[in-house]
$ cat upload23.cif   # mmCIF, C-alpha atoms
data_final
loop_
_atom_site.label_atom_id
_atom_site.label_comp_id
_atom_site.auth_asym_id
_atom_site.auth_seq_id
_atom_site.Cartn_x
_atom_site.Cartn_y
_atom_site.Cartn_z
CA MET A 583 12.28 1.04 -49.92
CA SER A 584 9.86 3.66 -51.25
CA THR A 585 6.49 4.16 -49.58
CA ALA A 586 4.69 2.86 -52.67
CA LYS A 587 6.78 -0.30 -52.74
CA LEU A 588 6.38 -0.76 -49.01
CA ARG A 589 2.60 -0.39 -49.31
CA GLU A 590 2.55 -2.98 -52.08
CA THR A 591 4.64 -5.40 -50.01
CA ILE A 592 2.33 -5.02 -47.02
CA HIS A 593 -0.66 -5.70 -49.28
CA GLU A 594 0.98 -8.91 -50.45
CA TYR A 595 1.62 -10.14 -46.92
CA LEU A 596 -1.92 -9.25 -45.91
CA TYR A 597 -3.25 -11.23 -48.86
CA GLU A 598 -1.10 -14.21 -47.88
CA ALA A 599 -2.32 -13.95 -44.29
CA ARG A 600 -5.79 -14.81 -45.63
CA SER A 601 -4.48 -17.89 -47.45
CA ASP A 602 -6.01 -21.33 -46.92
CA SER A 603 -2.52 -22.63 -46.22
CA HIS A 604 -1.66 -22.59 -42.53
CA GLU A 605 2.06 -22.35 -43.32
CA VAL A 606 1.59 -19.40 -45.69
CA GLN A 607 -0.63 -17.66 -43.13
CA GLN A 608 1.92 -18.14 -40.38
CA LYS A 609 4.85 -16.80 -42.40
CA ALA A 610 2.85 -13.77 -43.57
CA LEU A 611 1.70 -12.92 -40.05
CA GLN A 612 5.21 -13.37 -38.68
CA THR A 613 6.46 -10.88 -41.24
CA LEU A 614 3.65 -8.41 -40.52
CA ALA A 615 4.35 -8.68 -36.79
CA SER A 616 8.04 -8.07 -37.42
CA ILE A 617 7.69 -5.05 -39.70
CA THR A 618 5.10 -3.35 -37.47
CA ARG A 619 6.96 -3.93 -34.21
CA VAL A 620 9.19 -0.86 -34.43
CA SER A 621 7.92 1.19 -37.38
CA PRO A 622 5.00 3.61 -36.90
CA GLN A 623 4.97 4.13 -40.68
CA ASN A 624 4.51 0.43 -41.34
CA ARG A 625 1.70 0.31 -38.80
CA SER A 626 -0.09 3.16 -40.53
CA LEU A 627 0.35 1.61 -43.96
CA LEU A 628 -1.06 -1.71 -42.76
CA ALA A 629 -3.99 -0.03 -41.00
CA GLN A 630 -4.76 1.90 -44.19
CA SER A 631 -4.85 -1.29 -46.27
CA TYR A 632 -8.42 -2.16 -47.23
CA GLY A 633 -9.94 -4.68 -44.87
CA ALA A 634 -6.74 -5.11 -42.87
CA ILE A 635 -8.13 -4.69 -39.35
CA PRO A 636 -11.26 -6.85 -39.89
CA ALA A 637 -9.03 -9.53 -41.44
CA LEU A 638 -6.63 -9.48 -38.49
CA LEU A 639 -9.52 -9.59 -36.05
CA ALA A 640 -10.95 -12.60 -37.88
CA LEU A 641 -7.57 -14.33 -37.83
CA SER A 642 -7.28 -13.68 -34.10
CA LYS A 643 -10.33 -15.95 -33.71
CA SER A 644 -8.50 -18.85 -35.37
CA ILE A 645 -8.52 -22.22 -33.62
CA SER A 646 -4.78 -22.35 -34.29
CA PRO A 647 -2.93 -20.94 -31.23
CA ILE A 648 -0.02 -19.66 -33.33
CA ILE A 649 -2.29 -17.88 -35.84
CA GLN A 650 -4.31 -16.36 -33.01
CA THR A 651 -1.18 -15.20 -31.19
CA LEU A 652 0.46 -13.72 -34.27
CA SER A 653 -2.72 -11.87 -35.25
CA LEU A 654 -3.02 -10.42 -31.76
CA SER A 655 0.65 -9.40 -31.93
CA VAL A 656 0.03 -7.44 -35.12
CA LEU A 657 -3.08 -5.78 -33.64
CA PHE A 658 -1.12 -4.87 -30.53
CA ASN A 659 1.62 -3.34 -32.67
CA LEU A 660 -0.97 -1.26 -34.52
CA SER A 661 -2.36 0.00 -31.21
CA LEU A 662 1.00 1.57 -30.39
CA ASN A 663 0.23 4.36 -32.87
CA PRO A 664 -1.78 6.95 -30.91
CA ASN A 665 -3.90 7.83 -33.96
CA LEU A 666 -5.07 4.21 -34.33
CA LYS A 667 -6.22 3.59 -30.74
CA GLN A 668 -9.72 4.99 -31.13
CA SER A 669 -10.56 3.16 -34.36
CA LEU A 670 -9.22 -0.14 -33.02
CA ALA A 671 -11.33 0.05 -29.87
CA ASP A 672 -14.69 -0.82 -31.41
CA MET A 673 -17.12 -3.00 -29.48
CA GLU A 674 -16.55 -6.06 -31.67
CA THR A 675 -12.84 -5.99 -30.92
CA ILE A 676 -13.39 -5.30 -27.21
CA ASN A 677 -15.88 -8.16 -26.88
CA HIS A 678 -13.48 -10.52 -28.63
CA LEU A 679 -10.62 -9.54 -26.31
CA ASN A 680 -12.95 -10.05 -23.34
CA SER A 681 -13.79 -13.54 -24.59
CA ILE A 682 -10.10 -14.47 -24.81
CA ILE A 683 -9.52 -13.38 -21.21
CA LEU A 684 -12.67 -15.15 -20.04
CA SER A 685 -12.00 -18.47 -21.76
CA PRO A 686 -10.09 -21.02 -19.66
CA THR A 687 -8.90 -22.68 -22.87
CA SER A 688 -7.19 -19.59 -24.28
CA PRO A 689 -3.42 -20.08 -24.68
CA PRO A 690 -1.53 -18.08 -22.01
CA GLU A 691 0.27 -16.06 -24.68
CA SER A 692 -3.05 -15.06 -26.27
CA THR A 693 -4.40 -13.99 -22.88
CA LYS A 694 -1.29 -11.88 -22.28
CA LEU A 695 -1.55 -10.25 -25.70
CA ALA A 696 -5.30 -9.61 -25.36
CA SER A 697 -4.69 -7.98 -21.98
CA SER A 698 -1.78 -5.92 -23.32
CA LEU A 699 -3.90 -4.78 -26.26
CA ILE A 700 -6.66 -3.65 -23.91
CA CYS A 701 -4.08 -1.79 -21.83
CA SER A 702 -2.65 -0.09 -24.90
CA LEU A 703 -6.06 0.95 -26.21
CA ALA A 704 -7.09 2.19 -22.75
CA MET A 705 -4.17 4.60 -22.69
CA LEU A 706 -6.42 6.80 -24.81
CA ASP A 707 -8.71 8.23 -22.13
CA LYS A 708 -11.71 8.24 -24.49
CA ASN A 709 -11.49 4.45 -24.68
CA LYS A 710 -11.51 3.75 -20.94
CA ALA A 711 -15.29 4.09 -20.58
CA LYS A 712 -15.85 1.72 -23.52
CA PHE A 713 -14.19 -1.11 -21.63
CA GLY A 714 -16.27 -0.35 -18.55
CA VAL A 715 -19.47 -0.55 -20.60
CA ALA A 716 -18.30 -3.79 -22.24
CA GLY A 717 -17.84 -5.53 -18.89
CA THR A 718 -14.05 -5.80 -19.08
CA ILE A 719 -13.47 -4.81 -15.44
CA PRO A 720 -15.23 -7.78 -13.76
CA LEU A 721 -13.60 -10.17 -16.24
CA LEU A 722 -10.15 -8.89 -15.34
CA ILE A 723 -10.83 -9.21 -11.62
CA HIS A 724 -12.17 -12.74 -12.06
CA ALA A 725 -9.08 -13.71 -14.05
CA ILE A 726 -6.74 -12.12 -11.50
CA SER A 727 -8.41 -14.11 -8.72
CA ASP A 728 -7.14 -17.33 -10.33
CA PRO A 729 -3.79 -18.03 -8.61
CA CYS A 730 -2.69 -20.18 -11.55
CA ASN A 731 -3.25 -17.54 -14.22
CA ALA A 732 0.04 -17.14 -16.10
CA ALA A 733 -1.06 -13.74 -17.41
CA ALA A 734 -1.65 -12.25 -13.94
CA HIS A 735 0.92 -9.48 -14.28
CA HIS A 736 -0.49 -8.38 -17.66
CA LEU A 737 -4.02 -8.45 -16.29
CA LEU A 738 -3.06 -6.36 -13.25
CA SER A 739 -1.30 -3.78 -15.42
CA THR A 740 -4.38 -3.53 -17.60
CA LEU A 741 -6.64 -3.08 -14.57
CA ALA A 742 -4.30 -0.36 -13.31
CA GLU A 743 -4.75 1.55 -16.55
CA LEU A 744 -8.53 1.18 -16.64
CA VAL A 745 -9.30 2.17 -13.02
CA GLN A 746 -7.78 5.60 -13.54
CA PHE A 747 -11.23 6.45 -14.90
CA HIS A 748 -13.62 7.07 -11.98
CA GLY A 749 -16.47 5.05 -13.47
CA ASN A 750 -14.22 2.03 -13.87
CA CYS A 751 -13.04 2.40 -10.27
CA THR A 752 -16.65 2.12 -9.13
CA LEU A 753 -17.14 -0.97 -11.28
CA ALA A 754 -13.97 -2.54 -9.91
CA VAL A 755 -14.95 -2.01 -6.28
CA ARG A 756 -18.43 -3.42 -6.92
CA ALA A 757 -16.87 -6.43 -8.64
CA GLY A 758 -14.83 -7.24 -5.53
CA ALA A 759 -11.46 -5.88 -6.59
CA ILE A 760 -10.33 -4.91 -3.08
CA PRO A 761 -10.37 -8.40 -1.48
CA VAL A 762 -8.99 -10.00 -4.64
CA LEU A 763 -6.06 -7.59 -4.79
CA ILE A 764 -5.32 -7.86 -1.07
CA HIS A 765 -5.31 -11.63 -1.41
CA VAL A 766 -2.74 -11.33 -4.21
CA VAL A 767 -0.62 -9.05 -2.01
CA GLU A 768 -0.74 -11.45 0.94
CA SER A 769 -0.31 -14.70 -0.94
CA SER A 770 1.84 -13.84 -3.96
CA ASP A 771 5.28 -15.36 -4.26
CA GLY A 772 6.15 -12.82 -6.95
CA GLU A 773 7.10 -9.37 -5.72
CA ASP A 774 6.06 -7.81 -9.04
CA LEU A 775 2.50 -9.11 -8.59
CA SER A 776 2.33 -7.74 -5.07
CA GLY A 777 3.74 -4.39 -6.15
CA THR A 778 1.35 -4.05 -9.08
CA SER A 779 -1.63 -5.10 -6.93
CA LEU A 780 -0.75 -2.41 -4.40
CA ALA A 781 -0.40 0.11 -7.20
CA VAL A 782 -3.95 -0.73 -8.30
CA LEU A 783 -5.19 -0.48 -4.70
CA GLY A 784 -3.52 2.91 -4.49
CA LEU A 785 -5.36 4.05 -7.60
CA LEU A 786 -8.66 2.77 -6.23
CA SER A 787 -8.06 4.59 -2.95
CA LYS A 788 -7.99 7.93 -4.79
CA PHE A 789 -11.77 7.68 -5.16
CA ASP A 790 -14.30 7.51 -2.32
CA GLU A 791 -15.62 4.08 -3.34
CA GLY A 792 -12.18 2.51 -3.17
CA LEU A 793 -11.11 4.25 0.02
CA ASN A 794 -14.34 3.32 1.81
CA ALA A 795 -13.93 -0.32 0.77
CA LEU A 796 -10.36 -0.32 2.07
CA LYS A 797 -11.45 1.15 5.41
CA LYS A 798 -13.98 -1.65 5.81
CA THR A 799 -11.39 -4.33 5.09
CA GLU A 800 -10.51 -6.36 8.17
CA GLN A 801 -6.92 -5.94 9.37
CA ILE A 802 -6.11 -3.58 6.49
CA VAL A 803 -3.61 -1.57 8.56
CA SER A 804 -1.68 -4.60 9.81
CA SER A 805 -1.67 -6.02 6.26
CA MET A 806 -0.09 -2.85 4.91
CA VAL A 807 2.46 -2.75 7.74
CA GLU A 808 3.44 -6.33 6.89
CA VAL A 809 4.12 -5.14 3.34
CA LEU A 810 6.29 -2.32 4.70
CA LYS A 811 8.40 -4.96 6.45
CA GLY A 812 9.02 -6.79 3.18
CA ARG A 813 11.77 -6.43 0.57
CA CYS A 814 9.96 -5.12 -2.51
CA MET A 815 10.34 -1.33 -2.71
CA LEU A 816 7.44 -0.95 -5.16
CA SER A 817 5.21 -2.75 -2.67
CA LYS A 818 6.44 -0.53 0.17
CA GLU A 819 5.65 2.57 -1.86
CA GLY A 820 2.13 1.34 -2.54
CA ALA A 821 1.46 0.29 1.05
CA ALA A 822 2.75 3.59 2.45
CA GLU A 823 0.60 5.58 0.02
CA ILE A 824 -2.48 3.60 1.03
CA LEU A 825 -1.73 4.15 4.74
CA VAL A 826 -1.41 7.90 4.15
CA ARG A 827 -4.89 7.99 2.64
CA LEU A 828 -6.34 5.77 5.37
CA PHE A 829 -4.84 7.94 8.12
CA ASP A 830 -6.21 11.09 6.47
CA GLU A 831 -9.68 9.60 6.38
CA ASN A 832 -9.90 7.60 9.59
CA GLU A 833 -8.25 8.25 12.95
CA GLY A 834 -9.01 4.69 13.94
CA CYS A 835 -6.62 3.43 11.29
CA LEU A 836 -3.85 5.57 12.74
CA ALA A 837 -4.61 4.24 16.21
CA ASP A 838 -4.46 0.68 14.86
CA ALA A 839 -1.03 1.37 13.40
CA LEU A 840 0.30 2.89 16.61
CA ASN A 841 -0.77 -0.22 18.48
CA LEU A 842 1.59 -2.29 16.35
CA PRO A 843 4.95 -2.37 18.15
CA GLU A 844 6.99 -2.62 14.94
CA PHE A 845 5.24 0.23 13.09
CA LEU A 846 7.55 3.11 14.01
CA THR A 847 10.68 1.00 13.63
CA VAL A 848 9.64 0.04 10.12
CA LEU A 849 8.94 3.66 9.22
CA ALA A 850 12.31 4.74 10.58
CA ASP A 851 14.07 2.11 8.47
CA ILE A 852 12.27 3.11 5.26
CA SER A 853 12.90 6.79 5.91
CA VAL A 854 16.62 6.02 5.70
CA ARG A 855 16.88 3.18 3.19
CA GLY A 856 13.76 3.55 1.07
CA SER A 857 13.32 4.91 -2.44
CA ALA A 858 12.55 8.60 -2.94
CA LYS A 859 8.80 7.97 -3.10
CA ALA A 860 8.86 5.58 -0.13
CA ARG A 861 10.78 8.16 1.94
CA GLU A 862 8.29 10.84 0.95
CA MET A 863 5.32 8.70 1.99
CA THR A 864 7.08 7.66 5.20
CA ALA A 865 7.75 11.29 6.10
CA GLN A 866 4.02 11.97 5.83
CA LEU A 867 3.22 8.96 8.00
CA LEU A 868 5.73 10.01 10.65
CA LYS A 869 4.31 13.53 10.69
CA LYS A 870 0.81 12.16 11.20
CA THR A 871 1.98 10.00 14.11
CA MET A 872 3.73 12.97 15.71
CA ASP A 873 0.63 15.14 15.26
CA ALA A 874 -1.48 12.38 16.82
CA ASN A 875 0.93 12.17 19.74
CA LEU A 876 0.72 15.91 20.36
CA VAL A 877 -3.08 15.84 20.24
CA SER A 878 -3.17 12.88 22.62
CA TYR A 879 -0.78 14.59 25.02
CA SER A 880 -2.82 17.78 25.06
CA ASP A 881 -5.98 15.75 25.69
CA GLY A 882 -4.37 13.91 28.56
CA SER A 883 -4.58 10.52 26.90
CA HIS A 884 -1.79 7.99 26.78
CA MET A 885 -1.25 7.30 23.10
CA LEU A 886 2.43 8.30 23.28
CA LEU A 887 5.00 7.20 20.76
CA GLN A 888 7.51 4.67 22.04
CA TRP A 889 10.83 5.24 20.29
#
$ encode --input "upload23.cif" --output "structure tokens"
Amino acid sequence: MSTAKLRETIHEYLYEARSDSHEVQQKALQTLASITRVSPQNRSLLAQSYGAIPALLALSKSISPIIQTLSLSVLFNLSLNPNLKQSLADMETINHLNSIILSPTSPPESTKLASSLICSLAMLDKNKAKFGVAGTIPLLIHAISDPCNAAAHHLLSTLAELVQFHGNCTLAVRAGAIPVLIHVVESSDGEDLSGTSLAVLGLLSKFDEGLNALKKTEQIVSSMVEVLKGRCMLSKEGAAEILVRLFDENEGCLADALNLPEFLTVLADISVRGSAKAREMTAQLLKKTMDANLVSYSDGSHMLLQW
């Protein structure tokens, strides 16, 4: 199909998406979602259509769950084009996405799509600060704290993208992200949630605000060692990375770890059977424990490693 014909077809579907007929709207949006799912050209042509993005945003506010979900699907597809991310991330859109995440009556699929759209838009670094200003960070943390939230994984992935910006990390720590994420790690039945939560904690620990909050967390070392004893390799990688940063910053954390009888055994196991990243992190942890042992021996203290 020629570009001109394709543009005309997209215009027709966009016109039908504004129809008063729910059935016509649904079919048009389903088609727009389908043709923009894999084609960057189709996304560009739709975005270039007069009034397309405002119309889709308006439709995403529909009281019909299916119309809302389909509209968000099309907007998400558009966001996959790097050149459209900045224009899509205006404050009206951001505030609307925030409201979907905040509302307890939002359909789970709409919450997932709203979160995924935020994540996609935030992949453009210029957009990250916009979400911080709009109050998205506290909303995400509040939603993640709900153990029954079906969109938890999407919300965590979105938070992981946003906190790579230092300002958003500060906002997250102030909004109580550390205890919320640790609670997810300790109570989650899903290994993917635990792994993603630890990945976010690892990102937060790269900045002083996050690392200081982790150091002040009660039993943080034993919590991370418990994760190392688990089965999920992604979680082990995250926990080991956090321990490396804690040990670098605070000798007391290293001493706490060495007082745990299973600590060295767990490290030895991961150093053999872990993933490449887990083995790398474990090697650093083992080196730190050996260095601590040498220092203790030279000082005449008794913090010797028991192999």
$ residues_around --input "upload23.cif" --residues "Ser685 of chain A" --least-positions-apart "3" --cutoff "12 Å" --atoms "only C-alpha atoms" --output "list in words"
His678, Leu679, Asn680, Ser681, Ile682, Ser688, Pro689, Pro690, Ser692, Thr693, Ala696, Leu721, Leu722, His724, Ala725 and Asn731 of chain A
$ write_last_selection --input "upload23.cif" --atoms "C-alpha atoms" --output "PDB file, keeping the file's coordinate frame"
ATOM      1  CA  HIS A 678     -13.480 -10.520 -28.630  1.00  0.00           C
ATOM      2  CA  LEU A 679     -10.620  -9.540 -26.310  1.00  0.00           C
ATOM      3  CA  ASN A 680     -12.950 -10.050 -23.340  1.00  0.00           C
ATOM      4  CA  SER A 681     -13.790 -13.540 -24.590  1.00  0.00           C
ATOM      5  CA  ILE A 682     -10.100 -14.470 -24.810  1.00  0.00           C
ATOM      6  CA  SER A 688      -7.190 -19.590 -24.280  1.00  0.00           C
ATOM      7  CA  PRO A 689      -3.420 -20.080 -24.680  1.00  0.00           C
ATOM      8  CA  PRO A 690      -1.530 -18.080 -22.010  1.00  0.00           C
ATOM      9  CA  SER A 692      -3.050 -15.060 -26.270  1.00  0.00           C
ATOM     10  CA  THR A 693      -4.400 -13.990 -22.880  1.00  0.00           C
ATOM     11  CA  ALA A 696      -5.300  -9.610 -25.360  1.00  0.00           C
ATOM     12  CA  LEU A 721     -13.600 -10.170 -16.240  1.00  0.00           C
ATOM     13  CA  LEU A 722     -10.150  -8.890 -15.340  1.00  0.00           C
ATOM     14  CA  HIS A 724     -12.170 -12.740 -12.060  1.00  0.00           C
ATOM     15  CA  ALA A 725      -9.080 -13.710 -14.050  1.00  0.00           C
ATOM     16  CA  ASN A 731      -3.250 -17.540 -14.220  1.00  0.00           C
TER      17      ASN A 731
END
$ atom_distance --input "upload23.cif" --atom1 "atom CA of Leu867 of chain A" --atom2 "atom CA of Leu828 of chain A"
10.4 Å
$ resolve_selection --input "upload23.cif" --expression "the PyMOL selection byres ((chain A and resi 844) around 12)" --output "JSON, numbers by chain"
{"A": [804, 807, 808, 810, 811, 838, 839, 840, 841, 842, 843, 845, 846, 847, 848, 849, 850, 851, 887, 888, 889]}
$ resolve_selection --input "upload23.cif" --expression "the PyMOL selection byres ((chain A and resi 862) around 12)" --output "ChimeraX atom specification"
/A:818-820,822-823,826,849,852-861,863-869
$ resolve_selection --input "upload23.cif" --expression "the PyMOL selection byres ((chain A and resi 608-621) around 12)" --output "count of residues only"
51
$ residues_around --input "upload23.cif" --residues "Glu831 of chain A" --least-positions-apart "6" --cutoff "12 Å" --atoms "only C-alpha atoms" --output "number ranges by chain"
A: 787-790, 793-794, 796-797, 824-825, 870
$ atom_distance --input "upload23.cif" --atom1 "atom CA of Ser805 of chain A" --atom2 "atom CA of Ala732 of chain A"
25.0 Å
$ atom_distance --input "upload23.cif" --atom1 "atom CA of Glu691 of chain A" --atom2 "atom CA of Asp707 of chain A"
26.0 Å
$ closest_residue --input "upload23.cif" --among "A:Gly758, A:Gly714, A:Gly834, A:Gly749" --to "Ser727 of chain A" --atoms "only C-alpha atoms"
A:Gly758
$ axis_aligned_box --input "upload23.cif" --around "segment 594-605 of chain A" --padding-each-side "4 Å" --output "lines of an AutoDock Vina configuration file"
center_x = -2.0
center_y = -15.8
center_z = -46.5
size_x = 16.1
size_y = 21.7
size_z = 15.9
$ closest_residue --input "upload23.cif" --among "A:His736, A:Ala671, A:Cys751, A:Leu763" --to "Leu786 of chain A" --atoms "all atoms listed in the file"
A:Cys751
$ residues_around --input "upload23.cif" --residues "Ser776 of chain A" --least-positions-apart "6" --cutoff "10 Å" --atoms "all atoms listed in the file" --output "MDAnalysis selection string"
chainID A and resid 735 738 763:770 782 809 814 816:818 820
$ write_last_selection --input "upload23.cif" --atoms "C-alpha atoms" --output "compact mmCIF listing (two decimals), in the coordinates of the input"
# COMPACT_ATOMS: atom_id res chain seq x y z
CA HIS A 735 0.92 -9.48 -14.28
CA LEU A 738 -3.06 -6.36 -13.25
CA LEU A 763 -6.06 -7.59 -4.79
CA ILE A 764 -5.32 -7.86 -1.07
CA HIS A 765 -5.31 -11.63 -1.41
CA VAL A 766 -2.74 -11.33 -4.21
CA VAL A 767 -0.62 -9.05 -2.01
CA GLU A 768 -0.74 -11.45 0.94
CA SER A 769 -0.31 -14.70 -0.94
CA SER A 770 1.84 -13.84 -3.96
CA VAL A 782 -3.95 -0.73 -8.30
CA VAL A 809 4.12 -5.14 3.34
CA CYS A 814 9.96 -5.12 -2.51
CA LEU A 816 7.44 -0.95 -5.16
CA SER A 817 5.21 -2.75 -2.67
CA LYS A 818 6.44 -0.53 0.17
CA GLY A 820 2.13 1.34 -2.54
$ closest_residue --input "upload23.cif" --among "A:Val762, A:Val745, A:Thr752, A:Met806" --to "Leu785 of chain A" --atoms "only C-alpha atoms"
A:Val745
$ closest_residue --input "upload23.cif" --among "A:Asn709, A:Thr740, A:Thr675, A:Asn665" --to "Lys694 of chain A" --atoms "all atoms listed in the file"
A:Thr740
